[in-house]
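Here is the file my_file_5.txt (compact mmCIF, C-alpha atoms).
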```txt
# COMPACT_ATOMS: atom_id res chain seq x y z
CA MET A 1 -89.64 -7.96 -16.65
CA VAL A 2 -86.46 -6.04 -15.93
CA ASP A 3 -83.78 -6.12 -18.63
CA LYS A 4 -80.39 -7.43 -17.60
CA ILE A 5 -77.68 -4.89 -17.03
CA GLY A 6 -74.89 -5.57 -19.48
CA LYS A 7 -72.34 -2.96 -18.46
CA PRO A 8 -71.09 -1.76 -15.07
CA PRO A 9 -71.09 1.95 -14.22
CA ARG A 10 -67.86 3.85 -14.71
CA GLY A 11 -65.53 4.47 -11.81
CA PRO A 12 -65.40 7.65 -9.73
CA GLU A 13 -63.48 10.70 -10.82
CA HIS A 14 -60.75 12.39 -8.77
CA VAL A 15 -61.96 14.18 -5.62
CA PRO A 16 -60.14 17.40 -4.61
CA ASP A 17 -58.33 17.40 -1.28
CA ASP A 18 -60.08 20.60 -0.21
CA PRO A 19 -63.64 19.71 0.90
CA LEU A 20 -64.83 23.23 0.04
CA LEU A 21 -64.33 22.28 -3.60
CA TRP A 22 -66.23 18.99 -3.43
CA PRO A 23 -69.57 20.44 -4.57
CA PHE A 24 -67.80 21.90 -7.57
CA ALA A 25 -66.08 18.60 -8.30
CA VAL A 26 -69.60 17.23 -8.42
CA ALA A 27 -70.43 19.91 -10.97
CA ARG A 28 -67.54 18.85 -13.19
CA LEU A 29 -68.40 15.17 -12.76
CA ALA A 30 -72.02 15.84 -13.69
CA MET A 31 -71.30 17.95 -16.76
CA ASN A 32 -73.43 15.67 -18.92
CA THR A 33 -76.27 15.63 -16.40
CA CYS A 34 -79.28 17.53 -15.22
CA PHE A 35 -78.21 17.88 -11.56
CA TRP A 36 -78.31 21.11 -9.64
CA TRP A 37 -74.61 21.90 -9.16
CA LEU A 38 -73.89 21.97 -12.81
CA GLU A 39 -75.89 24.77 -14.28
CA ARG A 40 -76.44 28.52 -14.40
CA ALA A 41 -79.46 30.77 -14.58
CA PRO A 42 -81.20 33.60 -16.43
CA ALA A 43 -83.64 35.80 -14.57
CA GLU A 44 -86.79 34.01 -15.74
CA GLN A 45 -87.22 30.93 -17.93
CA GLY A 46 -89.36 31.14 -21.01
CA ASP A 47 -89.21 34.96 -21.34
CA SER A 48 -86.28 35.25 -23.75
CA GLY A 49 -84.92 31.74 -24.05
CA LEU A 50 -85.01 29.11 -26.75
CA PRO A 51 -88.46 28.36 -28.18
CA TRP A 52 -90.17 25.11 -27.36
CA THR A 53 -90.15 22.33 -29.94
CA THR A 54 -93.76 21.27 -29.39
CA PRO A 55 -96.58 23.81 -29.79
CA GLY A 56 -98.46 24.44 -26.59
CA THR A 57 -100.08 26.92 -24.25
CA VAL A 58 -99.74 27.83 -20.58
CA ALA A 59 -102.64 26.25 -18.72
CA LEU A 60 -101.70 27.50 -15.24
CA GLU A 61 -99.34 30.05 -13.68
CA LEU A 62 -98.18 28.81 -10.29
CA ALA A 63 -95.48 29.94 -7.87
CA THR A 64 -93.10 27.13 -8.84
CA MET A 65 -94.06 26.46 -12.45
CA ARG A 66 -96.03 27.17 -15.55
CA LEU A 67 -98.14 24.16 -16.48
CA ARG A 68 -97.52 23.71 -20.20
CA ASP A 69 -100.37 22.17 -22.22
CA CYS A 70 -99.20 20.35 -25.36
CA THR A 71 -102.41 18.40 -25.89
CA GLN A 72 -103.50 17.49 -29.40
CA THR A 73 -107.05 16.50 -28.44
CA ARG A 74 -109.16 16.62 -25.29
CA CYS A 75 -109.71 12.87 -25.37
CA GLY A 76 -107.67 10.08 -23.85
CA ARG A 77 -105.60 9.65 -20.73
CA PRO A 78 -103.34 12.58 -19.77
CA ALA A 79 -99.59 12.28 -19.25
CA LEU A 80 -97.68 14.88 -17.26
CA VAL A 81 -93.94 15.11 -17.94
CA CYS A 82 -92.00 16.21 -14.86
CA PRO A 83 -88.48 17.36 -15.88
CA PRO A 84 -85.75 17.81 -13.29
CA LEU A 85 -85.66 21.06 -11.35
CA ALA A 86 -81.90 21.14 -11.63
CA LEU A 87 -80.86 24.52 -12.98
CA HIS A 88 -81.22 23.62 -16.66
CA ARG A 89 -84.47 24.69 -18.26
CA PRO A 90 -87.21 22.03 -18.65
CA LEU A 91 -86.54 22.29 -22.40
CA ILE A 92 -84.47 19.16 -21.71
CA ALA A 93 -87.80 17.31 -22.16
CA ASP A 94 -88.64 19.03 -25.46
CA PHE A 95 -85.23 19.83 -26.90
CA ALA A 96 -85.59 19.33 -30.67
CA PRO A 97 -87.40 17.14 -33.20
CA GLY A 98 -86.16 13.60 -32.69
CA HIS A 99 -84.77 14.62 -29.29
CA SER A 100 -88.00 15.42 -27.42
CA VAL A 101 -89.73 13.34 -24.74
CA VAL A 102 -92.95 15.27 -25.37
CA GLN A 103 -92.95 14.51 -29.10
CA SER A 104 -91.90 10.88 -28.63
CA LEU A 105 -94.84 10.36 -26.28
CA GLN A 106 -97.18 12.02 -28.76
CA ASN A 107 -95.87 10.08 -31.75
CA GLY A 108 -95.66 6.71 -30.07
CA GLY A 109 -94.64 3.92 -32.44
CA LYS A 110 -93.48 4.06 -36.03
CA ASN A 111 -96.92 4.92 -37.37
CA GLY A 112 -97.40 8.04 -35.29
CA GLY A 113 -99.82 9.15 -32.62
CA ALA A 114 -102.83 7.27 -33.93
CA ASN A 115 -100.99 4.01 -33.34
CA GLY A 116 -99.48 4.17 -29.91
CA GLY A 117 -99.07 7.86 -29.11
CA ILE A 118 -100.39 9.97 -26.23
CA ASP A 119 -102.65 12.82 -27.33
CA ARG A 120 -102.83 14.67 -24.00
CA VAL A 121 -99.30 15.60 -22.87
CA TYR A 122 -98.52 18.29 -20.28
CA LEU A 123 -95.20 19.50 -18.86
CA THR A 124 -94.10 21.25 -15.66
CA ASP A 125 -92.13 24.31 -16.78
CA TRP A 126 -90.22 25.12 -13.59
CA ARG A 127 -89.46 28.75 -12.77
CA SER A 128 -86.05 30.11 -11.89
CA ALA A 129 -85.89 31.04 -8.21
CA THR A 130 -86.30 34.72 -7.37
CA PRO A 131 -85.39 36.17 -3.95
CA GLU A 132 -89.03 35.79 -2.91
CA MET A 133 -88.83 32.05 -3.66
CA ARG A 134 -85.82 31.30 -1.44
CA TYR A 135 -87.91 29.58 1.26
CA LEU A 136 -89.80 27.29 -1.11
CA SER A 137 -89.42 23.67 -0.07
CA ILE A 138 -90.02 20.23 -1.56
CA ASP A 139 -93.53 20.53 -0.09
CA SER A 140 -94.03 23.71 -2.14
CA TYR A 141 -93.31 21.80 -5.33
CA LEU A 142 -95.51 18.86 -4.31
CA THR A 143 -98.34 21.31 -3.55
CA ASP A 144 -98.15 22.96 -6.97
CA LEU A 145 -97.80 19.56 -8.65
CA ASN A 146 -101.02 18.57 -6.90
CA VAL A 147 -102.78 21.71 -8.14
CA ALA A 148 -101.56 21.04 -11.68
CA ILE A 149 -102.81 17.44 -11.61
CA ASP A 150 -106.19 18.56 -10.30
CA GLU A 151 -106.34 21.04 -13.18
CA ILE A 152 -105.51 18.33 -15.72
CA GLY A 153 -107.90 15.85 -14.09
CA ALA A 154 -106.71 12.91 -12.01
CA PRO A 155 -105.67 10.19 -12.39
CA VAL A 156 -102.71 11.07 -14.62
CA ASP A 157 -99.72 9.20 -15.96
CA LEU A 158 -96.62 10.81 -14.42
CA VAL A 159 -93.37 10.77 -16.43
CA GLY A 160 -90.49 11.78 -14.16
CA LEU A 161 -87.04 12.56 -15.55
CA CYS A 162 -84.01 12.39 -13.24
CA GLN A 163 -84.88 14.49 -10.16
CA GLY A 164 -88.36 14.90 -11.58
CA GLY A 165 -88.50 11.14 -11.05
CA TRP A 166 -88.09 11.15 -7.28
CA LEU A 167 -90.53 14.09 -7.07
CA SER A 168 -93.08 12.11 -9.13
CA LEU A 169 -92.53 9.04 -6.96
CA LEU A 170 -93.02 11.05 -3.78
CA TYR A 171 -96.23 12.46 -5.21
CA ALA A 172 -97.48 8.98 -6.15
CA ALA A 173 -96.77 7.77 -2.59
CA ARG A 174 -98.57 10.78 -1.07
CA PHE A 175 -101.53 10.74 -3.48
CA PRO A 176 -101.70 7.19 -4.85
CA ALA A 177 -105.25 7.55 -6.18
CA LYS A 178 -104.19 10.42 -8.45
CA VAL A 179 -101.51 8.52 -10.39
CA ARG A 180 -102.56 5.87 -12.91
CA ARG A 181 -99.09 4.90 -14.13
CA LEU A 182 -95.57 6.05 -13.40
CA VAL A 183 -92.51 6.33 -15.68
CA LEU A 184 -89.16 6.97 -13.98
CA ALA A 185 -86.24 7.73 -16.32
CA GLY A 186 -82.75 7.94 -14.80
CA ALA A 187 -84.31 8.68 -11.41
CA PRO A 188 -82.17 8.60 -8.23
CA VAL A 189 -84.22 7.10 -5.40
CA ASP A 190 -82.13 4.70 -3.30
CA LEU A 191 -78.96 6.65 -2.63
CA SER A 192 -77.46 3.80 -0.61
CA ILE A 193 -76.52 2.31 -3.97
CA ASP A 194 -73.12 3.67 -4.77
CA SER A 195 -72.43 6.33 -7.39
CA SER A 196 -69.75 8.98 -7.68
CA LEU A 197 -72.26 11.79 -7.29
CA SER A 198 -74.04 10.40 -4.24
CA ARG A 199 -70.72 9.56 -2.56
CA LEU A 200 -69.39 13.09 -3.03
CA THR A 201 -72.64 14.58 -1.76
CA ARG A 202 -72.63 12.50 1.41
CA ASN A 203 -68.98 13.15 2.22
CA ALA A 204 -68.93 16.94 1.96
CA PRO A 205 -69.59 18.84 5.25
CA GLU A 206 -73.02 20.47 5.62
CA LEU A 207 -71.30 23.84 6.00
CA VAL A 208 -70.25 23.68 2.35
CA TYR A 209 -73.86 23.64 1.18
CA ASP A 210 -74.99 26.25 3.69
CA GLN A 211 -72.30 28.62 2.44
CA LEU A 212 -73.31 27.99 -1.16
CA VAL A 213 -76.86 29.08 -0.35
CA ALA A 214 -75.69 32.05 1.70
CA ARG A 215 -73.55 33.34 -1.18
CA GLY A 216 -76.65 33.23 -3.39
CA GLY A 217 -78.69 35.35 -0.97
CA GLY A 218 -80.83 32.38 0.04
CA ASN A 219 -80.86 30.71 -3.35
CA VAL A 220 -78.31 28.60 -5.20
CA SER A 221 -76.88 30.87 -7.87
CA GLY A 222 -76.42 29.25 -11.23
CA ASN A 223 -74.49 32.26 -12.49
CA GLU A 224 -71.87 31.69 -9.82
CA MET A 225 -71.43 28.12 -10.99
CA LEU A 226 -71.03 29.29 -14.58
CA ARG A 227 -68.46 31.98 -13.84
CA PHE A 228 -66.21 30.11 -11.47
CA TRP A 229 -66.71 26.39 -11.37
CA SER A 230 -68.43 24.91 -14.39
CA LYS A 231 -66.56 23.16 -17.18
CA ALA A 232 -68.06 23.45 -20.65
CA PRO A 233 -69.09 20.13 -22.20
CA SER A 234 -66.88 18.97 -25.05
CA ARG A 235 -68.16 18.23 -28.54
CA ASP A 236 -67.82 14.51 -27.72
CA ASP A 237 -69.97 15.02 -24.62
CA ILE A 238 -72.67 16.71 -26.67
CA GLU A 239 -72.56 14.05 -29.39
CA ALA A 240 -72.96 11.39 -26.68
CA ALA A 241 -75.94 13.26 -25.21
CA LEU A 242 -77.67 13.76 -28.57
CA GLN A 243 -76.50 10.35 -29.89
CA ARG A 244 -75.63 11.58 -33.34
CA ASP A 245 -72.77 13.02 -35.35
CA LEU A 246 -72.81 16.81 -35.46
CA ALA A 247 -70.70 17.33 -38.59
CA ASP A 248 -73.55 18.04 -41.02
CA GLU A 249 -75.71 21.17 -41.28
CA GLU A 250 -78.46 19.81 -39.06
CA GLY A 251 -75.86 18.71 -36.54
CA ALA A 252 -74.35 22.19 -36.45
CA ALA A 253 -77.78 23.65 -35.71
CA LEU A 254 -78.30 21.12 -32.91
CA LEU A 255 -74.88 21.94 -31.48
CA ALA A 256 -75.70 25.66 -31.43
CA ARG A 257 -79.06 24.95 -29.82
CA PHE A 258 -77.42 22.74 -27.17
CA ASP A 259 -74.89 25.46 -26.35
CA ARG A 260 -77.69 27.98 -25.85
CA TRP A 261 -79.74 25.56 -23.76
CA ASN A 262 -76.70 24.79 -21.64
CA ALA A 263 -76.32 28.50 -20.86
CA GLU A 264 -80.02 29.18 -20.15
CA THR A 265 -80.28 27.79 -16.67
CA LEU A 266 -82.18 28.29 -13.45
CA ASP A 267 -81.46 29.29 -9.85
CA LEU A 268 -82.80 27.02 -7.10
CA PRO A 269 -84.53 27.98 -3.85
CA GLY A 270 -82.04 27.50 -1.03
CA THR A 271 -84.49 25.67 1.24
CA TYR A 272 -85.41 23.21 -1.52
CA TYR A 273 -81.76 22.65 -2.40
CA LEU A 274 -80.67 21.95 1.17
CA GLN A 275 -83.56 19.54 1.67
CA ILE A 276 -82.46 17.57 -1.40
CA VAL A 277 -78.85 17.47 -0.23
CA ASN A 278 -79.63 16.50 3.35
CA TRP A 279 -82.88 14.56 3.26
CA ILE A 280 -82.53 12.70 -0.03
CA PHE A 281 -78.82 12.36 -0.82
CA ARG A 282 -77.32 12.29 2.65
CA GLU A 283 -80.07 10.66 4.73
CA ASN A 284 -81.79 8.61 1.98
CA ARG A 285 -85.22 9.33 3.46
CA ILE A 286 -87.29 8.39 0.39
CA ALA A 287 -85.87 4.88 0.12
CA GLY A 288 -85.71 4.53 3.92
CA GLY A 289 -89.40 5.31 4.42
CA THR A 290 -88.85 8.34 6.67
CA PHE A 291 -89.71 11.15 4.25
CA VAL A 292 -92.57 13.41 5.41
CA ALA A 293 -94.48 14.91 2.48
CA LEU A 294 -97.15 17.53 3.14
CA GLY A 295 -97.48 16.55 6.78
CA ARG A 296 -97.56 12.79 6.35
CA ALA A 297 -94.83 10.17 6.41
CA VAL A 298 -94.92 8.40 3.06
CA SER A 299 -94.03 4.83 2.23
CA LEU A 300 -93.09 3.73 -1.27
CA LYS A 301 -95.04 0.54 -0.56
CA ASP A 302 -98.16 2.69 -0.96
CA VAL A 303 -97.25 3.08 -4.65
CA LYS A 304 -99.09 0.26 -6.38
CA ALA A 305 -99.51 1.78 -9.83
CA PRO A 306 -97.79 0.12 -12.82
CA ILE A 307 -94.24 1.46 -13.23
CA PHE A 308 -91.82 1.68 -16.15
CA LEU A 309 -88.14 2.17 -15.21
CA LEU A 310 -85.71 3.50 -17.84
CA ALA A 311 -81.96 3.34 -17.11
CA GLY A 312 -78.76 4.25 -18.98
CA LEU A 313 -75.98 1.67 -19.18
CA ASP A 314 -73.40 4.46 -19.55
CA ASP A 315 -75.00 6.72 -16.94
CA ASP A 316 -72.36 7.90 -14.45
CA VAL A 317 -74.83 10.06 -12.52
CA VAL A 318 -77.63 7.58 -11.82
CA PRO A 319 -76.10 4.15 -12.55
CA ALA A 320 -78.44 1.57 -14.02
CA ALA A 321 -78.30 -0.48 -10.82
CA GLN A 322 -79.58 2.53 -8.87
CA ALA A 323 -82.28 3.47 -11.39
CA LEU A 324 -83.65 -0.07 -11.56
CA ALA A 325 -83.47 -0.73 -7.81
CA THR A 326 -86.67 1.28 -7.32
CA ALA A 327 -88.56 -1.85 -8.41
CA GLY A 328 -87.80 -3.44 -5.05
CA LEU A 329 -88.97 -0.46 -2.99
CA VAL A 330 -92.50 0.08 -4.27
CA GLY A 331 -95.71 -1.82 -3.60
CA THR A 332 -96.39 -2.40 -7.29
CA PRO A 333 -96.64 -6.14 -8.04
CA PRO A 334 -93.59 -7.33 -10.00
CA ALA A 335 -95.79 -8.36 -12.94
CA PHE A 336 -96.70 -4.69 -13.44
CA ILE A 337 -93.15 -3.33 -13.41
CA ALA A 338 -91.52 -2.95 -16.82
CA ALA A 339 -87.96 -1.76 -17.41
CA ALA A 340 -85.45 -1.01 -20.14
CA SER A 341 -81.73 -0.35 -19.91
CA GLU A 342 -80.37 1.61 -22.87
CA PRO A 343 -76.76 2.17 -24.05
CA SER A 344 -76.94 5.82 -23.03
CA THR A 345 -75.39 8.51 -20.86
CA HIS A 346 -77.58 10.38 -18.40
CA LEU A 347 -78.53 13.21 -20.74
CA GLY A 348 -78.91 10.72 -23.57
CA LEU A 349 -81.91 9.20 -21.78
CA PHE A 350 -83.81 12.44 -22.34
CA MET A 351 -82.17 13.95 -25.44
CA GLY A 352 -80.56 11.08 -27.37
CA ALA A 353 -81.79 10.27 -30.89
CA ARG A 354 -81.26 6.53 -30.43
CA THR A 355 -83.14 6.48 -27.12
CA HIS A 356 -86.01 8.35 -28.73
CA ALA A 357 -86.08 5.92 -31.63
CA HIS A 358 -86.23 2.84 -29.43
CA ALA A 359 -87.03 3.37 -25.75
CA TRP A 360 -89.55 6.22 -25.69
CA PRO A 361 -91.91 4.68 -28.30
CA ARG A 362 -91.94 1.61 -26.07
CA VAL A 363 -92.85 3.82 -23.10
CA ALA A 364 -95.70 5.42 -25.08
CA GLU A 365 -97.01 2.02 -26.12
CA TRP A 366 -96.81 0.81 -22.51
CA LEU A 367 -98.81 3.83 -21.32
CA ARG A 368 -101.55 3.08 -23.83
CA ASP A 369 -101.80 -0.65 -23.11
CA ASP A 370 -104.51 -1.97 -20.84
CA LEU A 371 -103.44 -3.79 -17.71
CA SER A 372 -104.06 -7.20 -19.21
CA GLY A 373 -101.56 -6.38 -21.94
CA VAL A 374 -98.95 -5.35 -19.38
CA LEU A 375 -99.50 -8.53 -17.43
CA ALA A 376 -99.24 -10.75 -20.50
CA ARG A 377 -95.89 -9.28 -21.58
CA SER A 378 -94.49 -9.42 -18.06
CA ALA A 379 -95.38 -13.06 -17.47
```
What does the file become when written as C-alpha cells?
Amino acid sequence: MVDKIGKPPRGPEHVPDDPLLWPFAVARLAMNTCFWWLERAPAEQGDSGLPWTTPGTVALELATMRLRDCTQTRCGRPALVCPPLALHRPLIADFAPGHSVVQSLQNGGKNGGANGGIDRVYLTDWRSATPEMRYLSIDSYLTDLNVAIDEIGAPVDLVGLCQGGWLSLLYAARFPAKVRRLVLAGAPVDLSIDSSLSRLTRNAPELVYDQLVARGGGNVSGNEMLRFWSKAPSRDDIEAALQRDLADEEGAALLARFDRWNAETLDLPGTYYLQIVNWIFRENRIAGGTFVALGRAVSLKDVKAPIFLLAGLDDDVVPAAQALATAGLVGTPPAFIAAASEPSTHLGLFMGARTHAHAWPRVAEWLRDDLSGVLARSA
C-alpha cells in the first residue's frame, strides 16, 4: 500500500540565460544530491579515502567495481546494495554509525540483526573512471553487476539508491529470475514526471554535454566541477542530510567526515554519462519501454518481483511523485508493492539519522518477510 504524499515538491531554482551554464546550474541545484554533475574525483576510490563504517572484504575486482562483502554469516538470503555511480564515493551507503544503509539492513528492527536484520549484505564499490574506462557504457555496468550477482548466488535482493535504483531496475527487467526482491530509494525512473533537474537536463543542447566529456579527455572530470562550478553545501544542508544537530562533539566529527566524503569523488566514463543524459533523462527510454540492455529491449512489465519504494517528501532531485510512480510501470502485482514517503531531502534518504531509525528497519523487515506476510499487510 503506497503512503499518501503529504507535501508537494519545491519549485525550480533560477536557470541561467546562457545554456552553456545549464549543466552547472544543475550542479548547484543538486548540491544535496548524489547526481553526477555535482561532484569531484580522486584518482582511485578506496585507496586513500575515508574508511568504511562496516567491516568487510573485497570479494571481486571487476572493471567497474569492487564487490564489497559485508556478510556476517553465510546463511540467509543475500542483499546487494547498489549505490549511485554519481561522482560521490559509494560510502554514501555506509557513511557512519546510525547513518549507514548497510548497517541498518544488518541491524533490522530495534532488537538487532537476529530479529529482522539481513546477515548477508554486499555493496557495489564503483571505481573512478580512468582514461582506459572512457568507453564503458551502461551495458558495461550491467555486465559487471551480473557477474557480481552470479558470484553472490542468485536470486538476490537488490537495494538501489538514486541512480543505483534505475540500474537495479534495468537489471531486474533484463534478468528477472535473478532478483528476488527490489528496493528502490529515491530512484528516478519516469522522467516525464516534472522535476527541476530533469527539466534542466532535457532543455540543455546536446553539445553542452559533448563538450563536458571532451574537456575531460573522454570522461566527465569531477575535479573540473570542484574547481569551477560546484558550490559547497552549507551547514544547514549537511544537517538536513544527516538529520541531526551538529553542535556537539559527535556532530563535529560527522561534519568533518561529511566534508571529506564530499571532496572524495569519482570521475565518470564519458560514454556512460552521455547515455544517461540522452537515453534516460532526455528520451525517457526506461519508462517508455525502448531501452535496450545487453542486446535485448527490456520492458518494466517483466519485473514481477516484490518492490519497496522509498521516497523523500522534501526531495527536490527525485520528487516523491516521481519516485513512487514506478509502481505503475512494473509488472509486480499491486499487492506486492510496498512504499514509504519520509520527511527527508534526497541525501537524507541514504544518510539521515531519522530515516535510518524509521524507514530502513522497515525495509529490512520487509526483505525478511515471506510473501504471505507481504500480502497480508498490503491487503
Contacts of segment 178-182 of chain A at 6 Å (all atoms listed in the file; same-chain gap of 4+ positions) as a ChimeraX atom specification:
/A:154-158,172,305-307
Convert the current residue selection to file output with C-alpha atoms, as an mmCIF file, keeping the file's coordinate frame.
```
data_model
loop_
_atom_site.group_PDB
_atom_site.id
_atom_site.type_symbol
_atom_site.label_atom_id
_atom_site.label_comp_id
_atom_site.auth_asym_id
_atom_site.auth_seq_id
_atom_site.Cartn_x
_atom_site.Cartn_y
_atom_site.Cartn_z
ATOM 1 C CA ALA A 154 -106.710 12.910 -12.010
ATOM 2 C CA PRO A 155 -105.670 10.190 -12.390
ATOM 3 C CA VAL A 156 -102.710 11.070 -14.620
ATOM 4 C CA ASP A 157 -99.720 9.200 -15.960
ATOM 5 C CA LEU A 158 -96.620 10.810 -14.420
ATOM 6 C CA ALA A 172 -97.480 8.980 -6.150
ATOM 7 C CA ALA A 305 -99.510 1.780 -9.830
ATOM 8 C CA PRO A 306 -97.790 0.120 -12.820
ATOM 9 C CA ILE A 307 -94.240 1.460 -13.230
#
```
Report, in Å to a single decimal, how far apart atom CA of Arg260 of chain A and atom CA of Pro51 of chain A are.
11.0 Å
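Of the residues listed (A:Ser128, A:Thr201, A:Thr355, A:Ser192), A:Ser128 shows the shortest atom-to-atom separation from Pro269 of chain A; distances use all atoms listed in the file.
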Tell me which protein, DNA and RNA residues are within 6 Å of Leu184 of chain A, counting all atoms listed in the file, leaving out same-chain ones fewer than 4 positions away, and put them as a PDB file with C-alpha atoms, in the coordinates of the input.
```pdb
ATOM      1  CA  GLY A 160     -90.490  11.780 -14.160  1.00  0.00           C
ATOM      2  CA  GLY A 165     -88.500  11.140 -11.050  1.00  0.00           C
ATOM      3  CA  LEU A 309     -88.140   2.170 -15.210  1.00  0.00           C
TER       4      LEU A 309
END
```
Measuring atom to atom with all atoms listed in the file, identify which of A:Met133, A:Ala252, A:Ile276, A:Ala63 is nearest to Gln163 of chain A.
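Of A:Met133, A:Ala252, A:Ile276, A:Ala63, the one nearest Gln163 of chain A, counting all atoms listed in the file, is A:Ile276.
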Using all atoms listed in the file, which residues sit within 10 Å of Tyr122 of chain A once same-chain residues fewer than 2 positions away are excluded, as a count of residues only?
24
Axis-aligned box for all listed atoms of segment 164-182 of chain A, 6 Å per side, centre and edges in Å to one decimal, as lines of an AutoDock Vina configuration file:
```
center_x = -96.7
center_y = 9.9
center_z = -7.6
size_x = 29.2
size_y = 22.0
size_z = 25.1
```
Fewer than 2 positions away in the same chain doesn't count, so skip those; otherwise give me all residues within 10 Å of Val277 of chain A, counting only C-alpha atoms, as a count of residues only.
15
Smallest atom-to-atom distance to Gly98 of chain A: which of A:Gly352, A:Gly117, A:Gly186, A:Gly251, using all atoms listed in the file?
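Ranking A:Gly352, A:Gly117, A:Gly186, A:Gly251 by distance to Gly98 of chain A, first place goes to A:Gly352.
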Residue among A:Leu85, A:Ala173, A:Ala263, A:Ala187 lying closest to Val317 of chain A, counting only C-alpha atoms
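Ranking A:Leu85, A:Ala173, A:Ala263, A:Ala187 by distance to Val317 of chain A, first place goes to A:Ala187.
You will find atom CA of Asn219 of chain A at 21.0 Å from atom CA of Leu145 of chain A.
Around the coordinate (-88.1, 25.0, 0.7), residues that reach within 7 Å when counting all atoms listed in the file are A:Tyr135, A:Leu136, A:Ser137, A:Ile138, A:Ser140, A:Pro269, A:Gly270, A:Thr271, A:Tyr272.
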Report as a tab-separated table the residues of segment 164-283 of chain A within 8 Å of segment 87-91 of chain A, each with its shortest atom pair and distance in Å (one decimal), using only C-alpha atoms, ordered by chain and increasing residue number.
```
residue	atom	partner	partner_atom	distance
A:Gly222	CA	A:Leu87	CA	6.7
A:Trp261	CA	A:Arg89	CA	7.3
A:Asn262	CA	A:His88	CA	6.8
A:Glu264	CA	A:Arg89	CA	6.6
A:Thr265	CA	A:His88	CA	4.3
A:Leu266	CA	A:Leu87	CA	4.0
A:Asp267	CA	A:Leu87	CA	5.7
A:Leu268	CA	A:Leu87	CA	6.7
```
With distances taken over all atoms listed in the file, which residue among A:Asp248, A:Asp370, A:Asp237, A:Glu151 lies nearest Gly348 of chain A?
A:Asp237
Minimum-distance residue to Leu191 of chain A, chosen among A:Gln243, A:Ser234, A:Asn146, A:Thr326 (using all atoms listed in the file)
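With all atoms listed in the file as the atom set, the closest residue is A:Thr326.
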Grab the atom CA of Glu365 of chain A to atom CA of Ile118 of chain A distance for me, in Å with one decimal place.
8.6 Å
